[in-house]
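Student: Contents of work-v5.cif (mmCIF, C-alpha atoms) are given next:
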```cif
data_structure
#
loop_
_atom_site.label_atom_id
_atom_site.label_comp_id
_atom_site.auth_asym_id
_atom_site.auth_seq_id
_atom_site.Cartn_x
_atom_site.Cartn_y
_atom_site.Cartn_z
CA MET B 1209 17.28 -13.77 3.84
CA ALA B 1210 14.39 -16.08 2.94
CA GLU B 1211 11.63 -14.78 0.68
CA GLU B 1212 8.61 -16.47 -0.78
CA SER B 1213 5.41 -15.57 -2.57
CA GLN B 1214 2.14 -16.96 -1.20
CA TYR B 1215 -1.63 -16.76 -1.57
CA LEU B 1216 -4.37 -17.03 1.03
CA SER B 1217 -7.99 -17.51 -0.01
CA PHE B 1218 -11.03 -15.88 1.56
CA ARG B 1219 -14.31 -17.29 0.20
CA GLY B 1220 -12.49 -18.19 -3.00
CA ILE B 1221 -10.74 -14.82 -3.39
CA ARG B 1222 -6.96 -15.11 -3.21
CA VAL B 1223 -4.81 -12.41 -1.61
CA HIS B 1224 -1.18 -12.33 -2.73
CA PHE B 1225 1.67 -11.61 -0.32
CA ARG B 1226 5.42 -12.05 -0.05
CA VAL B 1227 7.21 -12.92 3.16
CA CYS B 1228 10.78 -11.90 3.80
CA ALA B 1229 12.30 -13.21 7.04
CA PRO B 1230 15.63 -12.26 8.63
CA GLU B 1231 18.27 -14.89 9.24
CA ASP B 1232 17.73 -14.81 13.00
CA ARG B 1233 14.48 -14.84 14.95
CA PRO B 1234 12.46 -11.71 14.06
CA VAL B 1235 12.45 -8.91 16.59
CA GLU B 1236 9.75 -6.86 14.82
CA ARG B 1237 6.92 -7.54 12.36
CA VAL B 1238 6.17 -5.16 9.51
CA MET B 1239 3.38 -5.12 6.93
CA LEU B 1240 3.92 -3.18 3.68
CA LEU B 1241 0.51 -2.72 2.03
CA SER B 1242 0.51 -1.82 -1.67
CA SER B 1243 -1.88 0.69 -3.16
CA PRO B 1244 -3.88 -0.08 -6.34
CA LEU B 1245 -1.16 1.43 -8.55
CA ILE B 1246 1.76 -0.59 -7.16
CA SER B 1247 2.41 -4.18 -6.16
CA THR B 1248 4.68 -6.13 -3.85
CA PHE B 1249 7.41 -5.69 -6.51
CA HIS B 1250 7.65 -1.97 -5.83
CA TRP B 1251 8.78 -2.49 -2.22
CA ARG B 1252 11.96 -4.27 -3.38
CA LYS B 1253 14.24 -1.37 -2.42
CA VAL B 1254 12.76 -1.11 1.08
CA VAL B 1255 12.50 -4.74 2.19
CA PRO B 1256 16.25 -5.48 2.59
CA GLU B 1257 16.63 -2.55 4.97
CA LEU B 1258 13.85 -3.88 7.18
CA THR B 1259 15.12 -7.44 7.22
CA GLN B 1260 18.57 -6.17 8.21
CA LEU B 1261 16.87 -4.61 11.22
CA GLY B 1262 15.56 -8.05 12.16
CA CYS B 1263 12.02 -7.44 10.88
CA LEU B 1264 9.83 -10.17 9.49
CA THR B 1265 8.45 -8.18 6.55
CA VAL B 1266 5.25 -9.00 4.71
CA CYS B 1267 4.38 -7.22 1.46
CA ILE B 1268 0.70 -7.56 0.55
CA ASP B 1269 -1.29 -6.67 -2.57
CA LEU B 1270 -4.72 -5.23 -1.82
CA PRO B 1271 -7.62 -7.55 -2.68
CA GLY B 1272 -8.39 -6.92 -6.35
CA PHE B 1273 -4.97 -5.53 -7.26
CA GLY B 1274 -1.37 -6.51 -7.90
CA ARG B 1275 -1.24 -10.29 -8.05
CA SER B 1276 -4.27 -10.72 -5.80
CA ASP B 1277 -7.41 -11.98 -7.50
CA CYS B 1278 -9.47 -9.37 -9.31
CA SER B 1279 -13.12 -9.41 -10.37
CA ARG B 1280 -16.36 -7.56 -9.78
CA ASP B 1281 -16.91 -9.84 -6.76
CA VAL B 1282 -13.80 -8.74 -4.84
CA PRO B 1283 -15.03 -6.74 -1.82
CA GLN B 1284 -13.90 -3.12 -1.66
CA ASP B 1285 -15.56 -2.40 1.67
CA GLY B 1286 -12.87 -1.09 4.04
CA VAL B 1287 -13.77 -3.26 7.02
CA MET B 1288 -14.03 -6.40 4.88
CA ARG B 1289 -10.64 -5.72 3.32
CA ALA B 1290 -9.14 -5.06 6.74
CA ASN B 1291 -10.42 -8.40 8.01
CA MET B 1292 -8.93 -10.21 5.02
CA LEU B 1293 -5.54 -8.60 5.60
CA TRP B 1294 -5.60 -9.46 9.29
CA GLY B 1295 -6.33 -12.99 8.16
CA VAL B 1296 -3.04 -12.97 6.25
CA LEU B 1297 -1.09 -11.62 9.22
CA ASP B 1298 -2.73 -14.11 11.59
CA GLU B 1299 -1.74 -16.96 9.29
CA ILE B 1300 1.86 -15.74 9.24
CA ASP B 1301 1.83 -15.55 13.03
CA ARG B 1302 0.49 -19.09 13.14
CA GLN B 1303 3.10 -20.41 10.73
CA SER B 1304 5.90 -18.81 12.73
CA ASP B 1305 4.47 -19.96 16.07
CA ALA B 1306 4.10 -16.37 17.29
CA PRO B 1307 0.43 -15.81 18.18
CA ASP B 1308 -0.77 -12.41 19.39
CA SER B 1309 2.14 -10.57 17.75
CA MET B 1310 2.09 -6.81 17.28
CA TRP B 1311 2.64 -5.32 13.84
CA HIS B 1312 3.93 -2.10 12.33
CA LEU B 1313 1.33 -1.34 9.63
CA ILE B 1314 2.76 0.60 6.68
CA GLY B 1315 0.57 1.59 3.75
CA HIS B 1316 0.91 3.58 0.54
CA GLY B 1317 -1.57 5.84 -1.22
CA SER B 1318 -5.22 4.84 -0.91
CA ALA B 1319 -4.18 1.69 0.99
CA CYS B 1320 -3.65 3.99 3.97
CA ALA B 1321 -7.41 4.08 4.49
CA THR B 1322 -7.31 0.29 4.91
CA VAL B 1323 -4.45 0.63 7.42
CA LEU B 1324 -6.71 2.90 9.49
CA GLU B 1325 -9.49 0.30 9.32
CA MET B 1326 -7.07 -2.46 10.37
CA ALA B 1327 -5.87 -0.46 13.36
CA ALA B 1328 -9.44 0.33 14.41
CA LEU B 1329 -10.44 -3.35 14.23
CA TYR B 1330 -7.57 -4.73 16.35
CA PRO B 1331 -5.72 -1.88 18.06
CA ASP B 1332 -3.99 -4.23 20.52
CA SER B 1333 -2.22 -5.92 17.58
CA VAL B 1334 -0.79 -2.68 16.18
CA LYS B 1335 2.56 -1.35 17.33
CA SER B 1336 2.61 1.63 14.95
CA GLN B 1337 1.25 3.01 11.69
CA VAL B 1338 3.13 4.62 8.80
CA HIS B 1339 1.26 6.36 5.99
CA ILE B 1340 3.31 6.97 2.83
CA SER B 1341 1.83 9.45 0.33
CA PRO B 1342 -1.61 8.85 1.91
CA LEU B 1343 -4.84 9.21 -0.04
CA LEU B 1344 -7.83 8.87 2.26
CA THR B 1345 -10.16 9.10 -0.74
CA ALA B 1346 -9.23 7.74 -4.15
CA PRO B 1347 -8.76 10.36 -6.90
CA GLN B 1348 -11.82 10.40 -9.14
CA PRO B 1349 -12.05 10.87 -12.93
CA PRO B 1350 -12.62 14.46 -14.10
CA GLU B 1351 -16.15 15.67 -13.57
CA GLY B 1352 -18.35 14.64 -16.45
CA THR B 1353 -16.10 11.75 -17.48
CA PRO B 1354 -17.68 8.31 -16.92
CA PRO B 1355 -15.27 6.07 -14.95
CA VAL B 1356 -15.46 3.36 -17.63
CA ARG B 1357 -14.36 5.84 -20.29
CA TRP B 1358 -11.60 7.19 -18.05
CA PHE B 1359 -10.28 3.67 -17.47
CA ARG B 1360 -10.33 2.96 -21.20
CA ASP B 1361 -8.59 6.21 -22.13
CA THR B 1362 -6.06 6.30 -19.29
CA VAL B 1363 -5.25 2.77 -18.16
CA LEU B 1364 -5.73 0.85 -21.40
CA GLN B 1365 -3.69 3.39 -23.39
CA LYS B 1366 -0.01 2.81 -22.65
CA ASP B 1367 1.18 6.36 -23.31
CA ALA B 1368 -1.67 7.91 -21.34
CA PHE B 1369 -0.97 5.62 -18.40
CA ARG B 1370 2.70 6.61 -18.43
CA ARG B 1371 1.77 10.31 -18.43
CA MET B 1372 -0.50 9.79 -15.43
CA ILE B 1373 2.16 7.86 -13.47
CA GLU B 1374 4.92 10.34 -14.25
CA LYS B 1375 2.68 13.26 -13.28
CA CYS B 1376 2.05 11.59 -9.92
CA ALA B 1377 5.71 10.64 -9.50
CA GLY B 1378 7.05 14.04 -10.49
CA TYR B 1379 9.77 12.33 -12.53
CA PRO B 1380 10.27 10.20 -15.65
CA MET B 1381 9.97 6.51 -14.78
CA ASP B 1382 11.79 3.53 -16.27
CA ASP B 1383 9.73 1.38 -18.62
CA TYR B 1384 9.95 -1.72 -16.45
CA ILE B 1385 8.55 0.14 -13.42
CA VAL B 1386 5.57 1.58 -15.33
CA ASP B 1387 4.93 -1.76 -17.02
CA ARG B 1388 4.84 -3.48 -13.60
CA MET B 1389 2.23 -0.93 -12.46
CA ARG B 1390 0.06 -1.30 -15.55
CA ALA B 1391 0.19 -5.06 -16.15
CA PRO B 1392 -2.08 -6.08 -13.22
CA LEU B 1393 -4.71 -3.59 -14.42
CA LEU B 1394 -4.93 -5.35 -17.80
CA ARG B 1395 -6.05 -8.71 -16.37
CA PRO B 1396 -9.62 -9.95 -16.89
CA GLY B 1397 -11.69 -8.53 -14.06
CA ALA B 1398 -9.20 -5.77 -13.21
CA ARG B 1399 -11.36 -3.00 -14.64
CA GLU B 1400 -14.28 -4.07 -12.45
CA SER B 1401 -12.08 -4.19 -9.35
CA PHE B 1402 -10.64 -0.75 -10.09
CA LEU B 1403 -13.99 0.89 -10.80
CA ASN B 1404 -15.54 -0.66 -7.68
CA MET B 1405 -12.60 0.68 -5.67
CA LEU B 1406 -13.15 4.19 -7.04
CA LYS B 1407 -16.82 4.04 -6.09
CA ALA B 1408 -16.15 2.67 -2.59
CA SER B 1409 -13.36 5.19 -1.90
CA ARG B 1410 -15.24 8.40 -2.64
CA THR B 1411 -15.55 9.05 1.09
CA ALA B 1412 -12.89 8.82 3.78
CA PRO B 1413 -13.02 6.05 6.43
CA GLU B 1414 -14.90 6.74 9.62
CA CYS B 1415 -11.97 5.85 11.89
CA GLY B 1416 -8.89 7.90 12.76
CA LEU B 1417 -5.45 7.05 14.09
CA GLY B 1418 -6.43 5.86 17.53
CA PHE B 1419 -3.72 5.90 20.18
CA CYS B 1420 -0.77 4.05 18.60
CA PRO B 1421 2.32 5.92 17.33
CA ALA B 1422 1.96 7.10 13.72
CA MET B 1423 4.08 8.73 11.04
CA VAL B 1424 3.10 10.38 7.76
CA ILE B 1425 5.54 10.77 4.86
CA LEU B 1426 4.46 13.14 2.10
CA GLY B 1427 6.02 14.03 -1.24
CA GLY B 1428 6.43 17.72 -1.97
CA ARG B 1429 5.83 17.07 -5.69
CA ASP B 1430 2.95 14.64 -5.27
CA ALA B 1431 0.30 15.65 -7.81
CA THR B 1432 -2.36 13.63 -5.97
CA LEU B 1433 -1.95 15.76 -2.83
CA THR B 1434 -4.81 18.22 -3.41
CA ASP B 1435 -6.04 20.78 -0.91
CA ALA B 1436 -8.95 18.47 -0.10
CA GLU B 1437 -6.57 15.59 0.65
CA ARG B 1438 -4.38 17.84 2.79
CA ALA B 1439 -7.47 18.73 4.83
CA LEU B 1440 -8.34 15.06 5.29
CA ILE B 1441 -4.79 14.24 6.36
CA ALA B 1442 -4.83 17.12 8.83
CA GLY B 1443 -8.06 15.78 10.31
CA TYR B 1444 -7.70 12.00 10.21
CA LEU B 1445 -3.95 11.82 10.78
CA SER B 1446 -3.59 14.65 13.26
CA GLY B 1447 -1.09 13.81 15.96
CA ALA B 1448 1.09 11.79 13.61
CA GLU B 1449 4.74 12.64 13.20
CA GLN B 1450 4.89 14.23 9.75
CA HIS B 1451 7.75 14.48 7.26
CA VAL B 1452 7.89 15.95 3.77
CA LEU B 1453 10.29 14.71 1.11
CA LYS B 1454 10.35 18.00 -0.78
CA SER B 1455 11.59 16.63 -4.10
CA ALA B 1456 9.56 13.39 -4.03
CA GLY B 1457 6.26 12.64 -5.70
CA HIS B 1458 3.70 9.90 -5.06
CA PHE B 1459 6.07 6.93 -5.34
CA PRO B 1460 9.03 7.56 -3.01
CA MET B 1461 9.76 3.82 -2.83
CA GLU B 1462 10.90 4.16 -6.45
CA THR B 1463 12.25 7.71 -6.72
CA HIS B 1464 13.51 8.40 -3.17
CA SER B 1465 14.06 4.96 -1.68
CA LYS B 1466 17.16 5.95 0.33
CA ALA B 1467 15.34 8.74 2.16
CA LEU B 1468 12.33 6.51 2.71
CA ARG B 1469 14.53 3.73 4.10
CA ASP B 1470 16.19 6.20 6.46
CA TYR B 1471 12.84 7.30 7.87
CA LEU B 1472 11.53 3.75 8.24
CA ARG B 1473 14.75 2.53 9.85
CA GLY B 1474 14.65 5.31 12.44
CA TRP B 1475 10.94 4.78 13.05
CA ILE B 1476 11.19 1.04 13.62
CA ARG B 1477 14.16 1.45 15.94
CA TYR B 1478 12.41 4.14 17.96
CA ASN B 1479 9.23 2.08 18.30
CA ALA B 1480 10.89 -1.28 18.86
CA GLN B 1481 10.25 -3.30 21.99
#
```
For this file, write the structure as structure tokens.
Tutor:
Amino acid sequence: MAEESQYLSFRGIRVHFRVCAPEDRPVERVMLLSSPLISTFHWRKVVPELTQLGCLTVCIDLPGFGRSDCSRDVPQDGVMRANMLWGVLDEIDRQSDAPDSMWHLIGHGSACATVLEMAALYPDSVKSQVHISPLLTAPQPPEGTPPVRWFRDTVLQKDAFRRMIEKCAGYPMDDYIVDRMRAPLLRPGARESFLNMLKASRTAPECGLGFCPAMVILGGRDATLTDAERALIAGYLSGAEQHVLKSAGHFPMETHSKALRDYLRGWIRYNAQ
């Protein structure tokens, strides 16, 4: 199983991704798109399952987050981000001499809105969509709390950040997992990227699922799953096959990886060529 970390630049802004290829020629292509609170690292329990299925698997950090470049200049417009991510997938297709490939697009959290934008841009290149713990609008700071102050008091304070993550997860989290979530948000320029993302994600994307197969996986203990988000999911992701991991929170790739792998394995097999 070959794996490597790479960067691709778009107007000087680097997007980080990791490629994991099966030993034999890939039979399917899968994108795992990280949300702002996770990175390619947090897919480590899922990737081996997909490569064993013969999938060429690409884990990508959203522009501005993870190990991708961050600054106030990183675009947070949904269509712009979608085009950048398609640029990564097109480059991988070019490198592997497989133009015009079709991809299973899998996103987590608020990255699911970008998955919808990607599918709307190039529907003929999408084999299926999977939305894990989807957030079609990013959670906002409490009313009356300036975003800059919220970032200072929640992200920059280690204990406060842990409390937020464990509330979302529904479980205590190991130090190394929380540290991997927080570290990218401490880089120069990360605050600006995060605050710009909050501002740009106040409203849901204009596009829906389209006509490709889709699956939604929700956590029964996900603190981010408000009534408003449930209504958005019911509207934007209607028609998708839906599953609820009753004891999971917002990060099933960490807390319920076996169940998540089971769902993804069955989904890829069912929607394979």
Student: When you draw a straight line from CA of Glu1449 in chain B to CA of Leu1344 in chain B, how long is it in Å?
Tutor: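 Taking CA of Glu1449 in chain B and CA of Leu1344 in chain B, their separation equals 17.1 Å.
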Student: Go ahead and compute the interatomic distance for CA of Asp1367 in chain B and CA of Pro1380 in chain B, in Å to one decimal.
Tutor: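 Distance between the two atoms: 12.5 Å.
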Student: Residues at most 12 Å from Asp1361 in chain B, counting only C-alpha atoms, excluding those fewer than 5 positions away in the same chain, as a list in words?
Tutor: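 Counting only the stated atoms, we get Pro1349, Thr1353, Pro1354, Pro1355, Val1356, Lys1366, Asp1367, Ala1368, Phe1369, Arg1370, Arg1371 and Met1372 of chain B.
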Student: Can you list what the PyMOL selection byres ((chain B and resi 1313) around 10) grabs from this structure, as a ChimeraX atom specification?
Tutor: /B:1237-1241,1266,1310-1312,1314-1315,1320,1322-1324,1326-1327,1333-1339,1422
Student: Could you list, as a ChimeraX atom specification, every residue within 9 Å of Ser1401 in chain B, counting all atoms listed in the file and ignoring same-chain residues fewer than 4 positions away?
Tutor: /B:1271-1273,1278-1284,1393,1397,1405-1406
Student: Considering all atoms listed in the file, state which residue in the set B:Ser1318, B:Gln1348, B:Thr1248, B:Gln1214 is at the smallest distance from Ile1300 in chain B.
Tutor: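 The shortest atom-to-atom distance to Ile1300 in chain B comes from B:Gln1214.
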Student: As an exercise, work out the distance from CA of Ala1229 in chain B to CA of Thr1259 in chain B in Å and give it to one decimal place.
Tutor: 6.4 Å
Student: Can you list what the PyMOL selection byres ((chain B and resi 1430) around 6) grabs from this structure, as a list in words?
Tutor: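 Taken over the shown coordinates, the PyMOL selection byres ((chain B and resi 1430) around 6) returns Cys1376, Gly1427, Gly1428, Arg1429, Ala1431, Thr1432, Leu1433, Gly1457 and His1458 of chain B.
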Student: Choose the residue, out of B:Tyr1384, B:Phe1218, B:Tyr1379, B:Tyr1444, that has the smallest atom-to-atom separation from Glu1325 in chain B; count only C-alpha atoms.
Tutor: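 The shortest atom-to-atom distance to Glu1325 in chain B comes from B:Tyr1444.
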Student: Let me make sure I understand: among B:Ser1217, B:Ser1247, B:Ser1341, B:Asn1291, which one has the smallest atom-to-atom distance to Arg1438 in chain B if we use all atoms listed in the file?
Tutor: B:Ser1341
Student: Using all atoms listed in the file, which of B:Met1389, B:Ala1412, B:Val1254, B:Leu1261 sits nearest Ala1319 in chain B?
Tutor: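 Between B:Met1389, B:Ala1412, B:Val1254, B:Leu1261, the residue approaching Ala1319 in chain B most closely is B:Ala1412.
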Student: Identify which of the residues B:His1250, B:Arg1222, B:Arg1302, B:Arg1360 lies closest to Met1461 in chain B, counting all atoms listed in the file when measuring atom-to-atom distances.
Tutor: B:His1250
Student: Run the PyMOL selection byres ((chain B and resi 1260) around 10) against the file shown and list the residues it catches, as a ChimeraX atom specification.
Tutor: /B:1209,1229-1232,1255-1259,1261-1264,1473
Student: B:Asp1301, B:Pro1342, B:Pro1347, B:Lys1253: which is nearest Asp1470 in chain B, counting only C-alpha atoms?
Tutor: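 With only C-alpha atoms as the atom set, the closest residue is B:Lys1253.
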Student: So which residues fall inside 10 Å of (12.1, 2.5, -4.2) if we count all atoms listed in the file? Mind giving them as an MDAnalysis selection string?
Tutor: chainID B and resid 1249:1255 1459:1469
Student: List every protein, DNA or RNA residue that has an atom no more than 10 Å from (4.3, -15.7, -2.2) in the file's coordinate frame, counting all atoms listed in the file, and report them as an NGL selection string.
Tutor: :B and (1211-1216 or 1223-1228 or 1248 or 1266-1268 or 1275)
